[in-house]
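Student: What follows is upload_28.csv, CSV, C-alpha atoms.
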chain,number,residue,atom,x,y,z
A,15,MET,CA,21.6,-49.2,-8.4
A,16,LYS,CA,19.6,-52.3,-9.0
A,17,ARG,CA,18.3,-51.9,-5.6
A,18,LEU,CA,16.6,-48.7,-6.5
A,19,LEU,CA,14.7,-50.4,-9.3
A,20,GLY,CA,13.0,-52.3,-6.5
A,21,PHE,CA,11.8,-49.0,-5.1
A,22,ALA,CA,9.5,-48.6,-8.0
A,23,THR,CA,7.7,-51.8,-7.2
A,24,ALA,CA,6.9,-50.5,-3.7
A,25,ALA,CA,4.6,-47.9,-4.9
A,26,THR,CA,3.3,-46.5,-8.1
A,27,LEU,CA,2.2,-43.3,-6.5
A,28,VAL,CA,-1.5,-42.9,-6.7
A,29,GLY,CA,-2.6,-46.6,-7.1
A,30,VAL,CA,-0.7,-47.9,-4.1
A,31,LEU,CA,-1.6,-44.9,-2.0
A,32,VAL,CA,-5.3,-45.2,-2.4
A,33,ALA,CA,-5.3,-48.9,-1.8
A,34,ALA,CA,-3.3,-48.6,1.4
A,35,PHE,CA,-5.5,-46.1,3.3
A,36,GLY,CA,-6.3,-47.3,6.8
A,37,ALA,CA,-6.6,-46.3,10.4
A,38,GLY,CA,-5.1,-48.2,13.3
A,39,PRO,CA,-6.6,-48.7,16.7
A,40,GLY,CA,-7.7,-45.6,18.6
A,41,GLY,CA,-7.6,-43.4,15.6
A,42,GLN,CA,-3.8,-43.8,15.3
A,43,LEU,CA,-2.9,-43.6,11.6
A,44,THR,CA,0.0,-45.7,10.6
A,45,ALA,CA,0.9,-47.2,7.3
A,46,HIS,CA,3.7,-49.2,5.8
A,47,ALA,CA,5.0,-49.7,2.4
A,48,GLN,CA,7.5,-52.4,1.7
A,49,SER,CA,9.7,-53.0,-1.3
A,50,SER,CA,12.3,-55.7,-1.5
A,51,ASP,CA,14.7,-53.5,0.4
A,52,LEU,CA,13.0,-50.5,1.9
A,53,VAL,CA,10.1,-50.2,4.4
A,54,LEU,CA,8.4,-46.8,4.6
A,55,THR,CA,6.3,-46.1,7.7
A,56,LEU,CA,4.1,-43.0,8.2
A,57,ASP,CA,2.6,-42.2,11.5
A,58,ILE,CA,0.3,-39.2,11.8
A,59,GLY,CA,-1.4,-40.1,15.0
A,60,LYS,CA,-4.9,-38.9,14.1
A,61,ALA,CA,-7.3,-39.3,11.2
A,62,THR,CA,-9.1,-36.0,11.5
A,63,ALA,CA,-8.1,-32.3,11.9
A,64,THR,CA,-9.6,-28.9,11.5
A,65,THR,CA,-8.2,-26.1,9.4
A,66,GLY,CA,-5.4,-24.2,11.2
A,67,ASP,CA,-4.4,-27.2,13.3
A,68,THR,CA,-0.7,-28.0,13.3
A,69,LEU,CA,0.1,-31.7,12.9
A,70,THR,CA,3.6,-33.0,13.6
A,71,PHE,CA,4.3,-36.5,12.6
A,72,THR,CA,7.1,-38.8,11.5
A,73,SER,CA,8.0,-41.1,8.7
A,74,GLU,CA,10.6,-43.8,8.9
A,75,ILE,CA,12.6,-45.5,6.2
A,76,THR,CA,14.1,-48.8,7.0
A,77,ASN,CA,16.7,-50.5,4.8
A,78,ASN,CA,16.1,-54.2,4.8
A,79,GLY,CA,18.6,-54.8,2.0
A,80,ALA,CA,22.1,-56.1,2.2
A,81,ALA,CA,23.9,-53.0,1.1
A,82,ALA,CA,23.6,-49.3,2.1
A,83,THR,CA,21.3,-47.1,0.1
A,84,PRO,CA,22.6,-44.0,-1.7
A,85,ALA,CA,21.8,-40.6,-0.4
A,86,LEU,CA,18.1,-40.1,-0.5
A,87,ILE,CA,15.6,-37.3,-0.8
A,88,ALA,CA,12.3,-37.6,1.1
A,89,ASN,CA,9.4,-35.5,-0.2
A,90,LEU,CA,6.1,-34.9,1.6
A,91,THR,CA,3.2,-34.9,-0.8
A,92,PHE,CA,-0.5,-34.2,-0.7
A,93,ALA,CA,-3.3,-35.4,-2.9
A,94,SER,CA,-7.0,-34.4,-2.8
A,95,ILE,CA,-9.0,-37.6,-2.5
A,96,ASP,CA,-12.4,-35.9,-3.0
A,97,LEU,CA,-10.9,-34.3,-6.2
A,98,ASP,CA,-12.5,-31.1,-5.1
A,99,THR,CA,-10.1,-29.7,-2.4
A,100,TYR,CA,-7.4,-27.4,-3.8
A,101,VAL,CA,-4.1,-28.4,-2.1
A,102,ASP,CA,-1.2,-26.0,-2.5
A,103,PRO,CA,1.7,-27.9,-0.8
A,104,GLU,CA,3.4,-24.6,0.1
A,105,ASP,CA,0.4,-23.5,2.2
A,106,TRP,CA,0.1,-26.9,3.9
A,107,SER,CA,3.7,-27.4,5.0
A,108,PRO,CA,6.7,-25.1,5.2
A,109,GLN,CA,9.2,-27.9,4.6
A,110,ARG,CA,8.4,-30.7,2.3
A,111,THR,CA,11.9,-32.0,1.3
A,112,ILE,CA,14.4,-33.6,3.6
A,113,ALA,CA,17.9,-34.9,2.5
A,114,ILE,CA,18.7,-38.3,4.0
A,115,ALA,CA,22.2,-39.7,4.4
A,116,PRO,CA,22.8,-43.2,3.1
A,117,ILE,CA,21.1,-45.8,5.2
A,118,GLY,CA,23.1,-48.8,6.2
A,119,PRO,CA,21.7,-52.4,6.0
A,120,GLY,CA,19.2,-53.0,8.7
A,121,GLN,CA,19.2,-49.4,9.8
A,122,SER,CA,16.4,-46.8,9.7
A,123,ALA,CA,16.1,-43.1,9.3
A,124,THR,CA,13.3,-41.0,10.8
A,125,GLN,CA,12.0,-37.8,9.4
A,126,SER,CA,9.8,-35.2,11.1
A,127,TRP,CA,7.1,-33.3,9.2
A,128,THR,CA,4.7,-30.5,10.1
A,129,VAL,CA,1.4,-30.0,8.3
A,130,THR,CA,-1.2,-27.3,8.7
A,131,PRO,CA,-4.4,-28.0,6.8
A,132,VAL,CA,-5.7,-24.8,5.3
A,133,LEU,CA,-8.9,-26.0,3.6
A,134,PRO,CA,-11.5,-28.6,4.6
A,135,GLY,CA,-11.7,-31.8,2.6
A,136,GLU,CA,-10.4,-35.4,2.3
A,137,ILE,CA,-6.6,-35.4,1.8
A,138,ALA,CA,-4.1,-38.1,1.3
A,139,ILE,CA,-0.7,-37.5,2.8
A,140,TYR,CA,2.3,-39.6,1.7
A,141,VAL,CA,6.1,-39.5,1.5
A,142,ALA,CA,8.0,-40.3,-1.6
A,143,VAL,CA,11.7,-41.2,-1.5
A,144,LEU,CA,14.0,-40.9,-4.4
A,145,PRO,CA,17.8,-41.2,-4.8
A,146,GLY,CA,19.8,-38.0,-4.7
A,147,GLU,CA,22.4,-37.0,-7.2
A,148,PRO,CA,24.1,-38.6,-9.1
A,149,GLU,CA,22.0,-41.8,-8.9
A,150,LEU,CA,18.9,-39.8,-9.7
A,151,VAL,CA,20.1,-39.2,-13.2
A,152,SER,CA,20.9,-42.8,-14.0
A,153,ASN,CA,18.1,-44.3,-12.0
A,154,GLY,CA,15.3,-42.0,-10.7
A,155,SER,CA,13.2,-44.8,-9.3
A,156,ILE,CA,10.8,-43.6,-6.6
A,157,ALA,CA,9.6,-45.4,-3.5
A,158,ALA,CA,6.6,-44.1,-1.6
A,159,SER,CA,4.8,-44.7,1.6
A,160,PRO,CA,1.2,-45.6,1.6
A,161,GLY,CA,-1.1,-42.6,1.7
A,162,LEU,CA,-2.8,-41.8,4.9
A,163,ARG,CA,-6.3,-40.3,4.8
A,164,LEU,CA,-6.8,-37.1,6.7
A,165,SER,CA,-10.3,-35.7,7.0
A,166,VAL,CA,-10.1,-31.9,7.5
A,167,ASP,CA,-13.1,-30.0,8.9
A,168,GLU,CA,-13.4,-26.3,8.6
A,169,HIS,CA,-12.4,-24.3,11.7
A,170,ARG,CA,-15.0,-21.5,12.3
A,171,SER,CA,-14.1,-18.7,14.6
A,172,LEU,CA,-15.9,-15.5,15.1
A,173,ASN,CA,-12.9,-14.0,16.8
A,174,PRO,CA,-9.8,-15.0,14.7
A,175,GLY,CA,-6.7,-14.0,16.5
A,176,GLY,CA,-8.7,-12.0,19.0
A,177,VAL,CA,-9.2,-9.1,16.6
A,178,LEU,CA,-13.0,-8.9,16.8
A,179,PRO,CA,-13.2,-6.3,19.6
A,180,VAL,CA,-10.9,-3.9,17.8
A,181,VAL,CA,-12.6,-4.6,14.4
A,182,VAL,CA,-15.9,-3.6,15.9
A,183,ALA,CA,-14.9,-0.9,18.3
A,184,VAL,CA,-12.8,1.3,16.1
A,185,PRO,CA,-15.5,2.1,13.5
A,186,ALA,CA,-18.0,2.5,16.3
A,187,PHE,CA,-15.7,4.9,18.1
A,188,VAL,CA,-15.0,6.9,14.9
A,189,ALA,CA,-18.7,7.1,14.2
A,190,ALA,CA,-19.5,8.2,17.7
A,191,ALA,CA,-16.7,10.8,17.7
A,192,PHE,CA,-18.1,12.3,14.5
A,193,VAL,CA,-21.7,12.3,15.7
A,194,GLY,CA,-20.4,14.1,18.9
A,195,LEU,CA,-18.6,16.6,16.8
A,196,VAL,CA,-21.6,17.4,14.7
A,197,ALA,CA,-23.9,17.6,17.8
A,198,ALA,CA,-21.4,20.0,19.5
A,199,ARG,CA,-21.2,22.1,16.4
A,200,ARG,CA,-25.0,22.4,16.2
A,201,ARG,CA,-25.2,23.5,19.8
A,202,ILE,CA,-22.7,26.2,19.0
B,13,MET,CA,14.0,43.8,18.6
B,14,SER,CA,12.4,44.7,15.4
B,15,ALA,CA,9.5,42.9,14.0
B,16,VAL,CA,9.6,41.7,10.4
B,17,PRO,CA,7.0,43.7,8.6
B,18,GLY,CA,4.0,41.7,7.6
B,19,SER,CA,5.2,38.5,9.3
B,20,GLY,CA,2.4,38.6,11.9
B,21,ARG,CA,-0.3,39.1,9.3
B,22,LEU,CA,1.1,36.3,7.2
B,23,ALA,CA,0.9,33.9,10.1
B,24,SER,CA,-2.7,34.8,11.0
B,25,GLY,CA,-3.6,34.8,7.3
B,26,TRP,CA,-2.8,31.2,6.6
B,27,SER,CA,-4.1,30.1,10.0
B,28,VAL,CA,-7.5,31.7,9.2
B,29,VAL,CA,-7.6,29.7,5.9
B,30,LEU,CA,-6.4,26.6,7.7
B,31,GLY,CA,-9.1,26.9,10.4
B,32,GLN,CA,-11.8,27.3,7.8
B,33,GLU,CA,-10.5,24.4,5.7
B,34,LEU,CA,-10.3,22.2,8.8
B,35,LYS,CA,-13.9,23.0,9.6
B,36,ASP,CA,-15.0,22.2,6.1
B,37,LEU,CA,-13.0,19.0,6.0
B,38,TRP,CA,-13.6,17.5,9.5
B,39,LEU,CA,-16.9,19.0,10.7
B,40,ALA,CA,-18.6,18.4,7.4
B,41,ALA,CA,-19.7,15.0,6.1
B,42,ARG,CA,-16.9,14.6,3.5
B,43,GLY,CA,-13.9,14.0,5.8
B,44,GLN,CA,-16.0,12.1,8.4
B,45,ALA,CA,-17.4,9.7,5.8
B,46,LEU,CA,-14.0,9.1,4.4
B,47,VAL,CA,-12.4,8.2,7.7
B,48,LEU,CA,-15.4,6.1,8.7
B,49,THR,CA,-15.2,4.2,5.4
B,50,PHE,CA,-11.5,3.8,5.9
B,51,ALA,CA,-12.1,2.4,9.4
B,52,LEU,CA,-14.7,-0.1,8.1
B,53,LEU,CA,-12.3,-1.1,5.3
B,54,LEU,CA,-9.5,-1.7,7.7
B,55,SER,CA,-11.8,-3.7,10.0
B,56,ALA,CA,-12.7,-6.0,7.1
B,57,LEU,CA,-9.0,-6.3,6.0
B,58,THR,CA,-7.8,-7.0,9.6
B,59,TYR,CA,-10.5,-9.6,10.2
B,60,LEU,CA,-9.6,-11.4,6.9
B,61,ALA,CA,-5.9,-11.1,7.6
B,62,ALA,CA,-6.3,-12.6,11.1
B,63,MET,CA,-8.3,-15.5,9.6
B,64,ASN,CA,-5.6,-16.1,7.1
B,65,ARG,CA,-2.9,-16.0,9.7
B,66,GLU,CA,-4.8,-18.6,11.7
B,67,LEU,CA,-4.5,-20.8,8.7
B,68,ASN,CA,-0.8,-19.9,8.3
B,69,LEU,CA,-1.5,-18.4,4.8
B,70,LEU,CA,0.0,-15.2,6.0
B,71,ASP,CA,2.7,-14.7,8.5
B,72,GLN,CA,2.7,-12.0,11.2
B,73,ARG,CA,4.8,-9.6,9.2
B,74,ASP,CA,2.6,-10.0,6.1
B,75,THR,CA,-0.5,-9.1,8.1
B,76,VAL,CA,1.0,-5.9,9.5
B,77,ASN,CA,2.4,-5.0,6.0
B,78,LEU,CA,-1.1,-5.5,4.5
B,79,VAL,CA,-2.7,-3.1,7.0
B,80,LEU,CA,0.0,-0.5,6.7
B,81,GLN,CA,0.2,-0.7,2.9
B,82,LEU,CA,-3.5,0.1,2.7
B,83,THR,CA,-3.1,2.9,5.3
B,84,LEU,CA,-0.2,4.4,3.4
B,85,GLY,CA,-1.9,4.2,0.1
B,86,LEU,CA,-5.2,5.7,1.2
B,87,GLY,CA,-3.6,8.4,3.4
B,88,VAL,CA,-1.4,9.6,0.5
B,89,VAL,CA,-4.1,9.5,-2.1
B,90,LEU,CA,-6.6,11.3,0.0
B,91,ALA,CA,-4.2,14.1,0.8
B,92,LEU,CA,-3.3,14.3,-2.8
B,93,LEU,CA,-7.0,14.5,-3.9
B,94,PHE,CA,-7.9,17.1,-1.3
B,95,SER,CA,-5.0,19.3,-2.3
B,96,ALA,CA,-5.7,18.8,-6.0
B,97,ASP,CA,-9.2,19.9,-5.4
B,98,SER,CA,-8.3,22.9,-3.3
B,99,LEU,CA,-7.7,25.7,-5.8
B,100,SER,CA,-9.1,24.3,-9.0
B,101,GLY,CA,-12.2,23.4,-7.0
B,102,GLU,CA,-12.6,26.9,-5.8
B,103,ARG,CA,-12.1,28.1,-9.4
B,104,GLU,CA,-14.7,25.7,-10.8
B,105,ARG,CA,-17.2,26.5,-8.1
B,106,GLU,CA,-16.6,30.2,-8.9
B,107,THR,CA,-15.6,31.0,-5.3
B,108,LEU,CA,-11.9,31.7,-6.0
B,109,GLU,CA,-12.6,35.3,-7.0
B,110,THR,CA,-14.3,35.9,-3.7
B,111,LEU,CA,-11.4,34.4,-1.8
B,112,LEU,CA,-8.9,36.6,-3.7
B,113,LEU,CA,-10.9,39.7,-2.8
B,114,THR,CA,-10.2,39.1,0.9
B,115,PRO,CA,-7.0,40.7,2.4
B,116,LEU,CA,-5.3,37.3,2.2
B,117,THR,CA,-2.4,36.9,-0.2
B,118,PRO,CA,-2.4,33.9,-2.7
B,119,ARG,CA,0.5,32.4,-0.7
B,120,GLU,CA,-1.5,32.5,2.5
B,121,VAL,CA,-4.4,30.8,0.8
B,122,ALA,CA,-2.2,28.1,-0.7
B,123,ILE,CA,-0.4,27.4,2.6
B,124,GLY,CA,-3.6,27.2,4.6
B,125,LYS,CA,-5.2,24.8,2.1
B,126,LEU,CA,-2.1,22.6,1.8
B,127,LEU,CA,-1.7,22.3,5.6
B,128,ALA,CA,-5.4,21.4,5.9
B,129,SER,CA,-5.0,18.6,3.3
B,130,LEU,CA,-2.0,17.2,5.1
B,131,THR,CA,-4.1,16.6,8.3
B,132,VAL,CA,-5.7,13.6,6.5
B,133,TRP,CA,-2.5,11.6,7.0
B,134,PRO,CA,-2.2,11.8,10.8
B,135,VAL,CA,-5.9,11.1,11.2
B,136,ILE,CA,-5.7,8.0,9.0
B,137,MET,CA,-2.6,6.8,10.8
B,138,ILE,CA,-4.1,7.2,14.2
B,139,VAL,CA,-7.1,5.1,13.1
B,140,ALA,CA,-4.8,2.4,11.8
B,141,VAL,CA,-2.7,2.0,15.0
B,142,PRO,CA,-5.3,-0.1,17.0
B,143,TYR,CA,-5.5,-2.5,14.1
B,144,VAL,CA,-1.8,-3.1,14.0
B,145,PHE,CA,-1.7,-3.8,17.7
B,146,ALA,CA,-4.8,-6.0,17.4
B,147,LEU,CA,-2.9,-8.3,15.1
B,148,ARG,CA,-0.7,-9.2,18.1
B,149,VAL,CA,2.6,-9.4,16.3
B,150,GLY,CA,4.5,-8.3,19.4
B,151,SER,CA,5.0,-4.8,20.7
B,152,ALA,CA,8.5,-4.4,19.2
B,153,LEU,CA,7.4,-5.2,15.6
B,154,SER,CA,4.2,-3.1,16.1
B,155,ILE,CA,6.0,0.0,17.3
B,156,GLU,CA,8.8,-0.4,14.7
B,157,SER,CA,6.3,-0.8,11.8
B,158,ILE,CA,4.1,2.1,13.0
B,159,ALA,CA,7.1,4.4,13.4
B,160,ALA,CA,8.5,3.4,10.0
B,161,ALA,CA,5.1,3.8,8.2
B,162,SER,CA,4.5,7.1,9.9
B,163,ALA,CA,7.9,8.5,8.8
B,164,VAL,CA,7.6,7.2,5.2
B,165,GLY,CA,3.9,8.2,5.0
B,166,SER,CA,4.6,11.8,6.3
B,167,ILE,CA,7.3,12.3,3.6
B,168,LEU,CA,5.1,10.9,0.9
B,169,THR,CA,2.0,12.8,2.0
B,170,VAL,CA,3.9,16.2,2.0
B,171,ALA,CA,5.3,15.4,-1.5
B,172,PHE,CA,2.1,14.3,-3.1
B,173,ALA,CA,-0.1,17.0,-1.5
B,174,SER,CA,2.4,19.6,-2.7
B,175,PHE,CA,2.2,18.1,-6.2
B,176,GLY,CA,-1.6,18.1,-6.0
B,177,MET,CA,-1.5,21.8,-4.9
B,178,ALA,CA,0.8,22.7,-7.8
B,179,LEU,CA,-1.5,21.0,-10.3
B,180,SER,CA,-4.5,22.7,-8.7
B,181,THR,CA,-2.9,26.1,-9.1
B,182,VAL,CA,-2.3,25.8,-12.8
B,183,SER,CA,-5.4,23.8,-13.7
B,184,ASP,CA,-8.6,25.5,-14.9
B,185,SER,CA,-10.6,22.4,-14.4
B,186,ASN,CA,-11.1,20.4,-11.2
B,187,ARG,CA,-11.5,17.3,-13.3
B,188,LEU,CA,-8.1,17.8,-14.9
B,189,SER,CA,-6.2,18.4,-11.7
B,190,LEU,CA,-7.9,15.4,-10.0
B,191,GLY,CA,-7.4,13.2,-13.0
B,192,VAL,CA,-3.8,14.0,-13.5
B,193,SER,CA,-3.1,13.6,-9.7
B,194,LEU,CA,-4.7,10.2,-9.6
B,195,PHE,CA,-3.0,9.1,-12.7
B,196,ALA,CA,0.4,10.1,-11.4
B,197,PHE,CA,-0.3,8.2,-8.1
B,198,VAL,CA,-1.4,5.1,-9.9
B,199,VAL,CA,1.7,5.1,-12.2
B,200,LEU,CA,4.0,5.5,-9.1
B,201,MET,CA,2.0,2.9,-7.2
B,202,ALA,CA,2.1,0.3,-10.0
B,203,PRO,CA,5.7,-0.8,-9.5
B,204,THR,CA,4.9,-2.0,-5.9
B,205,GLN,CA,2.6,-4.6,-7.5
B,206,LEU,CA,4.8,-5.6,-10.4
B,207,PRO,CA,7.4,-8.4,-10.3
B,208,LEU,CA,10.4,-6.1,-11.1
B,209,SER,CA,13.8,-7.7,-11.1
B,210,GLY,CA,17.3,-7.0,-12.3
B,211,TRP,CA,19.2,-3.8,-12.2
B,212,LEU,CA,16.5,-1.9,-14.2
B,213,GLY,CA,13.8,-3.2,-11.8
B,214,ASP,CA,15.9,-2.2,-8.8
B,215,LEU,CA,16.5,1.2,-10.3
B,216,MET,CA,12.8,1.7,-11.0
B,217,VAL,CA,11.9,0.7,-7.5
B,218,SER,CA,14.6,3.0,-6.0
B,219,VAL,CA,13.8,6.2,-7.9
B,220,ASN,CA,10.1,5.8,-7.4
B,221,PRO,CA,9.2,7.4,-4.0
B,222,VAL,CA,6.2,5.1,-3.4
B,223,SER,CA,8.0,1.8,-4.1
B,224,ALA,CA,11.1,3.0,-2.4
B,225,GLY,CA,9.1,3.9,0.7
B,226,SER,CA,7.4,0.5,0.7
B,227,LEU,CA,10.8,-1.2,0.4
B,228,SER,CA,12.2,0.9,3.2
B,229,ARG,CA,9.5,-0.4,5.5
B,230,GLN,CA,10.2,-4.0,4.5
B,231,ASP,CA,13.9,-3.6,5.2
B,232,ARG,CA,13.2,-2.2,8.6
B,233,ARG,CA,10.8,-5.1,9.4
B,234,GLN,CA,13.5,-7.6,8.4
B,235,ARG,CA,16.0,-6.4,10.9
B,236,PRO,CA,16.8,-9.3,13.3
B,237,PHE,CA,16.1,-7.4,16.5
B,238,VAL,CA,12.5,-6.8,15.4
B,239,GLY,CA,11.9,-10.6,15.7
B,240,ARG,CA,8.5,-12.2,15.9
Turn this file's structure into structure tokens for me.
Tutor:
Amino acid sequence: MKRLLGFATAATLVGVLVAAFGAGPGGQLTAHAQSSDLVLTLDIGKATATTGDTLTFTSEITNNGAAATPALIANLTFASIDLDTYVDPEDWSPQRTIAIAPIGPGQSATQSWTVTPVLPGEIAIYVAVLPGEPELVSNGSIAASPGLRLSVDEHRSLNPGGVLPVVVAVPAFVAAAFVGLVAARRRI
Amino acid sequence: MSAVPGSGRLASGWSVVLGQELKDLWLAARGQALVLTFALLLSALTYLAAMNRELNLLDQRDTVNLVLQLTLGLGVVLALLFSADSLSGERERETLETLLLTPLTPREVAIGKLLASLTVWPVIMIVAVPYVFALRVGSALSIESIAAASAVGSILTVAFASFGMALSTVSDSNRLSLGVSLFAFVVLMAPTQLPLSGWLGDLMVSVNPVSAGSLSRQDRRQRPFVGR
């Protein structure tokens, strides 16, 4: 239980996140957060995306302590850095919570996440880890990965999903059919 | 073989009214403008739905449901309004007396007008079909959804158009028959947009033909074999 207290020192959510933004070589985005016992790594692989892209990335939790952790809950979270972009987590990722079995000393657990940006803007992505029941009640300390900055540009498509031809052709066809009907009626 | 007296004249009587009503509806600007407006509305909705699907804000079934819900709602309400206007409109325009002076019986007039108002639904549904396929949700889901919507819409259209015709028969004012028809439709449509739950909510949804029809389409779409 005391070990979990150390989780809190690893990250106070927003402060640590903002301080830890950084891009690795070649645009690879990787960040680490380290507490006395746990190391959280987040690897997105790119720093930019466009709306509608699907990003799949992993986080890794390593237990550097001498004893196994309790069962953990990892939660994927988003924050708007520009304070202007509305981020509804449900829209951005279908699965944001993963249950993690206890991690033995020196061992790691890897989680896979999928994110689809739906609005342009500057977004921080991070993973928070907290103990599952029953430890959560007695000690709900949270550890978090550093936040990774993702710049999202707007995807502009004139033909979304290939519907444009039908969207234009059907009203045109209906109008032409009615004009033809009226013309035929006048001839009669 | 003996012919049923009057049966031949009955058939030709309502068909004459039907033919005239169809000309008034589809060869005049009223019906054409409505269908063209519907096509434009569906184009805008389909375009927006496709954009939202690209962003994963809507899944494939939601986009199809959106298009078919609009189709069902507009098809039923247009048939309802046309039938509600049929007799009270003639009465208000002072043309009903002329119509009753013809050799046609009141039943023939009513049947012809009711059948003409029902033709709105198949036309609206035919216009909607390309949009459902354009959403590219898979042929199985498209065909299943179109078949289910066609069946539910046909039943609802017959029911609502008959209700509108009954109102139109007893109403002296066109405004009254149209107003009551529209009010009844809105009242029955409202539960589809309300978060009803519990046994009372289930009961309200089940006894209401509009919400029950909508639910029936959702159930069909959720069958495993429909897939994505």
Student: May I ask which of the residues B:Met216, B:Arg42, B:Leu86, B:Met63 is the closest one to Glu168 of chain A, counting all atoms listed in the file?
Tutor: B:Met63
Student: Just to confirm, what's the straight-line distance from atom CA of His169 of chain A to atom CA of Asp74 of chain B in Å (one decimal)?
Tutor: 21.5 Å
Student: With all atoms listed in the file considered, list every residue of chain A at most 8 Å from chain B, as a ChimeraX atom specification.
Tutor: /A:65-67,105,130-132,174-178,180-182,184-185,188-189,192,195-196,199
Student: With only C-alpha atoms as the counted atoms, please give the residues lying no more than 7 Å from Pro116 of chain A, apart from itself and same-chain residues fewer than 6 positions off, as a ChimeraX atom specification.
Tutor: /A:82-86
Student: Between B:Leu212, B:Val217, B:Ile123, B:Val164, which residue has the minimum interatomic distance to Gln81 of chain B, considering only C-alpha atoms?
Tutor: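 Answer, going by the shortest atom-to-atom distance: B:Val164.
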Student: Find, counting all atoms listed in the file, the residue in B:Gly165, B:Ser157, B:Thr181, B:Thr117 that gets nearest to Val141 of chain B.
Tutor: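 Using all atoms listed in the file, Val141 of chain B sits closest to B:Ser157.
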Student: Would you compute the distance between atom CA of Gly25 of chain B and atom CA of Leu168 of chain B? Give it in Å to one decimal.
Tutor: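 Straight-line distance from atom CA of Gly25 of chain B to atom CA of Leu168 of chain B works out to 26.2 Å.
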Student: Skipping near chain neighbours, those fewer than 2 positions away, what residues fall within 7 Å of Asp51 of chain A using all atoms listed in the file, listed as a list of chain:residue names?
Tutor: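 Everything that qualifies: A:Ser49, A:Val53, A:Asn77, A:Asn78, A:Gly79.
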Student: For atom CA of Ser107 of chain A and atom CA of Ser94 of chain A, quote the distance in Å rounded to one decimal.
Tutor: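 If I compute the distance from atom CA of Ser107 of chain A to atom CA of Ser94 of chain A, I get 15.0 Å.
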Student: So, with all atoms listed in the file as the atoms that count, which of B:Asp184, B:Val79, B:Met201, B:Gly176 lies closest to Lys125 of chain B?
Tutor: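 Selected residue with least distance to Lys125 of chain B: B:Gly176.
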Student: Give the answer as one residue: which of B:Pro207, B:Pro221, B:Pro115, B:Gly124 has the shortest atom-to-atom distance to Ser95 of chain B, using only C-alpha atoms?
Tutor: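 Between B:Pro207, B:Pro221, B:Pro115, B:Gly124, the residue approaching Ser95 of chain B most closely is B:Gly124.
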Student: Let me make sure I understand: among B:Ala159, B:Leu37, B:Leu179, B:Leu80, which one has the smallest atom-to-atom distance to Leu194 of chain B if we use all atoms listed in the file?
Tutor: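 Using all atoms listed in the file, the shortest distance to Leu194 of chain B belongs to B:Leu179.
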Student: Just add N, CA and C atoms to segment 88-99 of chain A and send it as a PDB file, keeping the file's coordinate frame.
Tutor:
ATOM      1  N   ALA A  88      13.684 -37.323   0.674  1.00  0.00           N
ATOM      2  CA  ALA A  88      12.300 -37.600   1.100  1.00  0.00           C
ATOM      3  C   ALA A  88      11.441 -36.396   0.787  1.00  0.00           C
ATOM      4  N   ASN A  89      10.310 -36.626   0.175  1.00  0.00           N
ATOM      5  CA  ASN A  89       9.400 -35.500  -0.200  1.00  0.00           C
ATOM      6  C   ASN A  89       8.025 -35.754   0.324  1.00  0.00           C
ATOM      7  N   LEU A  90       7.509 -34.808   1.080  1.00  0.00           N
ATOM      8  CA  LEU A  90       6.100 -34.900   1.600  1.00  0.00           C
ATOM      9  C   LEU A  90       5.166 -34.403   0.527  1.00  0.00           C
ATOM     10  N   THR A  91       4.136 -35.191   0.292  1.00  0.00           N
ATOM     11  CA  THR A  91       3.200 -34.900  -0.800  1.00  0.00           C
ATOM     12  C   THR A  91       1.787 -34.999  -0.347  1.00  0.00           C
ATOM     13  N   PHE A  92       0.927 -34.214  -0.976  1.00  0.00           N
ATOM     14  CA  PHE A  92      -0.500 -34.200  -0.700  1.00  0.00           C
ATOM     15  C   PHE A  92      -1.301 -34.520  -1.921  1.00  0.00           C
ATOM     16  N   ALA A  93      -2.424 -35.189  -1.755  1.00  0.00           N
ATOM     17  CA  ALA A  93      -3.300 -35.400  -2.900  1.00  0.00           C
ATOM     18  C   ALA A  93      -4.753 -35.228  -2.381  1.00  0.00           C
ATOM     19  N   SER A  94      -5.575 -34.593  -3.177  1.00  0.00           N
ATOM     20  CA  SER A  94      -7.000 -34.400  -2.800  1.00  0.00           C
ATOM     21  C   SER A  94      -7.731 -35.703  -3.200  1.00  0.00           C
ATOM     22  N   ILE A  95      -8.290 -36.379  -2.206  1.00  0.00           N
ATOM     23  CA  ILE A  95      -9.000 -37.600  -2.500  1.00  0.00           C
ATOM     24  C   ILE A  95     -10.391 -37.309  -3.061  1.00  0.00           C
ATOM     25  N   ASP A  96     -11.009 -36.248  -2.530  1.00  0.00           N
ATOM     26  CA  ASP A  96     -12.400 -35.900  -3.000  1.00  0.00           C
ATOM     27  C   ASP A  96     -12.301 -35.196  -4.378  1.00  0.00           C
ATOM     28  N   LEU A  97     -11.105 -34.964  -4.857  1.00  0.00           N
ATOM     29  CA  LEU A  97     -10.900 -34.300  -6.200  1.00  0.00           C
ATOM     30  C   LEU A  97     -11.482 -32.930  -6.244  1.00  0.00           C
ATOM     31  N   ASP A  98     -11.796 -32.373  -5.086  1.00  0.00           N
ATOM     32  CA  ASP A  98     -12.500 -31.100  -5.100  1.00  0.00           C
ATOM     33  C   ASP A  98     -11.666 -30.067  -4.243  1.00  0.00           C
ATOM     34  N   THR A  99     -10.889 -30.585  -3.309  1.00  0.00           N
ATOM     35  CA  THR A  99     -10.100 -29.700  -2.400  1.00  0.00           C
ATOM     36  C   THR A  99      -8.855 -29.256  -3.122  1.00  0.00           C
TER      37      THR A  99
END
